[in-house]
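**Q** Can you read through this structure? Questions will come right after.
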Number of protein chains: 2
Amino acid sequence: MTTEEKILGAAEAEMLERGYDGARMRSIAEKAEINKGLLHYYFKTKETLLVAVFQKTFQQIFKTLDEVFQSEMPLFEKVEKAVAEYSDFMIKHPKLPFFIISEMNRDAMKHNQRMLKAEVKPPFSTLFQEFEKGKKSGLIDPNFKPEHFMLNMMGLILFPFIARPMVMFMHKMNQSEYKQLLNDRKKLVAEILINDIKAK
Amino acid sequence: MTTEEKILGAAEAEMLERGYDGARMRSIAEKAEINKGLLHYYFKTKETLLVAVFQKTFQQIFKTLDEVFQSEMPLFEKVEKAVAEYSDFMIKHPKLPFFIISEMNRDAMKHNQRMLKAEVKPPFSTLFQEFEKGKKSGLIDPNFKPEHFMLNMMGLILFPFIARPMVMFMHKMNQSEYKQLLNDRKKLVAEILINDIKAK
DNA sequence: GTCTATAACAGGATAGAC
DNA sequence: GTCTATCCTGTTATAGAC
């Protein structure tokens, strides 16, 4: 493991934990087990470090979905699989969605420009084409609006991760009840989404 | 308008815009058109100021829902009304949900203690009782899990606000397209929620 | 490449005059 | 209550030895 990788890993941990403003270069150096000076040798500024962390995490957040959507599979199964895999991924990386959203709220313009430059494309085109086909074949409700599908899916899946402390407080949950809830939702969310797009 | 009110208003604007870590006491003083010293006369520390802002905003975030849930109305109409009013409230205060969630992610323990001390109770009890009644009368699917209802509702309604920059980027939307989307969702979200709880 | 030391500055908080 | 001036700490960033 190179020094650069150690730094990037430490920076990711620190920034996902405390956000950009809350992150401390000192903590990052400690986590990476190097000194502060060396940080600036590899990454000139804190901002530079953020860009690296943001790009890495942003790509991850759509990768799972992309893979499932690209695969050959009946549409409803695809939705079911996407929900399950996306949920599982988030259970493994629970801080990721809040970090991305948080960063984009902090400075959307800069991040947009970066993503456009890196030609980052959220992976809907194949899916949206399938929706159109589904409408013609009568599988899908003709009134169904594709632009809302991603919002529904992300909202239903990601909200419990983004708002974990609030959710646990509201329902007076402990850690294991919360985990159980996340697991239960995989099936429930898929049902809701499929029900919504299915021809009535 | 008293000086204290001016400060609180300015602090709310600044903290909702930049978050606690990003907020600057200097900016708050400028917004309130007073000097920094006076800030500390009214609110000893930045943390004190945050507590005031957090409590004010946290109560708001459940007030609308509470009012609708307490009212006399058939269950499904109640859901429909709750979604519409909650959405309208968020359209008026779009930064509120992200701020609350952000703060709780930053320091959930402290905020939990504060809310427990202030006896803040998220307003579900009446609604959950109605769900039970509905199950017995056959109106509601017996497999429906009440603990997921609030999550579904909040996720579906709040996600577009919390993740606005990401949503706009993903779908290449401009401001007015985004507003249109928010309005369209009022009806769609209510349909999804009702469909999910209705006996099949 | 890696370290120590330090510069340079920003930010929250306080003191004290009025 | 309101202001100005200032302290003090913590933070990013740089210089320079090894």
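Residues in the structure tokens are named by chain (A, B, ... in the order shown) and by number from 1 within that chain; ligands are numbered from 1 in the order shown.
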For chain B, work out the contacting residues on chain D at 10 Å, counting only C-alpha atoms (C1' of nucleotides), and write them as a PyMOL selection string.

**A** chain D and resi 1-4

**Q** Go ahead and dump the residues you just picked, C-alpha atoms (C1' of nucleotides), as a compact mmCIF listing (two decimals), in the first residue's frame.

**A**
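again-v2.txt, freshly written:
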```
# COMPACT_ATOMS: atom_id res chain seq x y z
C1' DG D 1 -27.22 47.28 25.09
C1' DT D 2 -23.93 48.34 21.80
C1' DC D 3 -19.46 49.16 20.13
C1' DT D 4 -14.10 48.61 19.17
```

**Q** Counting only C-alpha atoms, which residues of chain A come no farther than 6 Å from chain B, as a PyMOL selection string?

**A** chain A and resi 21+101+108+152+155-156+159+163+165

**Q** Those selected residues, please, written with N, CA and C atoms and delivered as a PDB file, in the first residue's frame.

**A**
```
ATOM      1  N   ASP A  21     -15.932  20.532   5.873  1.00  0.00           N
ATOM      2  CA  ASP A  21     -15.644  21.591   6.851  1.00  0.00           C
ATOM      3  C   ASP A  21     -15.158  21.033   8.182  1.00  0.00           C
ATOM      4  N   ILE A 101     -24.303  13.837  -0.963  1.00  0.00           N
ATOM      5  CA  ILE A 101     -25.364  14.833  -0.949  1.00  0.00           C
ATOM      6  C   ILE A 101     -24.918  16.075  -0.206  1.00  0.00           C
ATOM      7  N   ALA A 108     -22.471  22.944  -5.101  1.00  0.00           N
ATOM      8  CA  ALA A 108     -22.969  22.191  -6.252  1.00  0.00           C
ATOM      9  C   ALA A 108     -22.267  22.582  -7.550  1.00  0.00           C
ATOM     10  N   ASN A 152     -37.873   8.032  -6.742  1.00  0.00           N
ATOM     11  CA  ASN A 152     -38.570   7.145  -5.817  1.00  0.00           C
ATOM     12  C   ASN A 152     -37.616   6.099  -5.262  1.00  0.00           C
ATOM     13  N   GLY A 155     -34.899   7.773  -3.057  1.00  0.00           N
ATOM     14  CA  GLY A 155     -35.520   8.249  -1.827  1.00  0.00           C
ATOM     15  C   GLY A 155     -35.846   7.103  -0.887  1.00  0.00           C
ATOM     16  N   LEU A 156     -36.487   6.083  -1.409  1.00  0.00           N
ATOM     17  CA  LEU A 156     -36.908   4.962  -0.561  1.00  0.00           C
ATOM     18  C   LEU A 156     -35.715   4.193  -0.004  1.00  0.00           C
ATOM     19  N   PHE A 159     -32.940   7.195   2.001  1.00  0.00           N
ATOM     20  CA  PHE A 159     -33.359   8.004   3.149  1.00  0.00           C
ATOM     21  C   PHE A 159     -32.997   7.390   4.507  1.00  0.00           C
ATOM     22  N   ALA A 163     -30.669   9.631   6.907  1.00  0.00           N
ATOM     23  CA  ALA A 163     -31.306  10.174   8.112  1.00  0.00           C
ATOM     24  C   ALA A 163     -31.246   9.188   9.276  1.00  0.00           C
ATOM     25  N   PRO A 165     -29.709   8.836  12.195  1.00  0.00           N
ATOM     26  CA  PRO A 165     -29.921   9.254  13.584  1.00  0.00           C
ATOM     27  C   PRO A 165     -31.367   9.692  13.838  1.00  0.00           C
TER      28      PRO A 165
END
```

**Q** I need the residues of region 54-164 of chain B that end up classed as helix (DSSP H, G or I) by DSSP on the backbone, written out as an MDAnalysis selection string.

**A** chainID B and resid 54:70 75:92 96:106 108:117 125:137 146:162 164

**Q** Please identify every residue of chain B that has at least one atom no more than 9 Å from any atom of chain C, counting only C-alpha atoms (C1' of nucleotides), and report them as a list in words.

**A**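 Per the criterion, chain B yields Arg24, Met25, Arg26, Gly37, His40, Lys44, Thr45 and Lys46 of chain B.
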
**Q** With only C-alpha atoms as the basis for distance, which of B:Val53, B:Leu16, B:Leu75, B:Leu8 is at the shortest distance from Lys133 (chain B)?

**A**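 Answer, going by the shortest atom-to-atom distance: B:Leu75.
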
**Q** Between CA of Gln129 (chain B) and CA of Leu182 (chain A), measure the distance and give it in Å to one decimal.

**A**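 Distance between the two atoms: 23.5 Å.
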
**Q** If I take CA of Asp88 (chain A) and CA of Phe69 (chain A), how far is one from the other in Å, to one decimal?

**A** 16.0 Å

**Q** What does the distance from CA of Lys117 (chain A) to CA of Gln59 (chain A) come to in Å, to one decimal?

**A**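 Separation between CA of Lys117 (chain A) and CA of Gln59 (chain A): 13.6 Å.
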
**Q** Out of A:Leu50, A:Ile140, A:Met173, A:Ile61, which residue has the shortest atom-to-atom distance to Pro94 (chain A) when counting only C-alpha atoms?

**A** A:Ile61
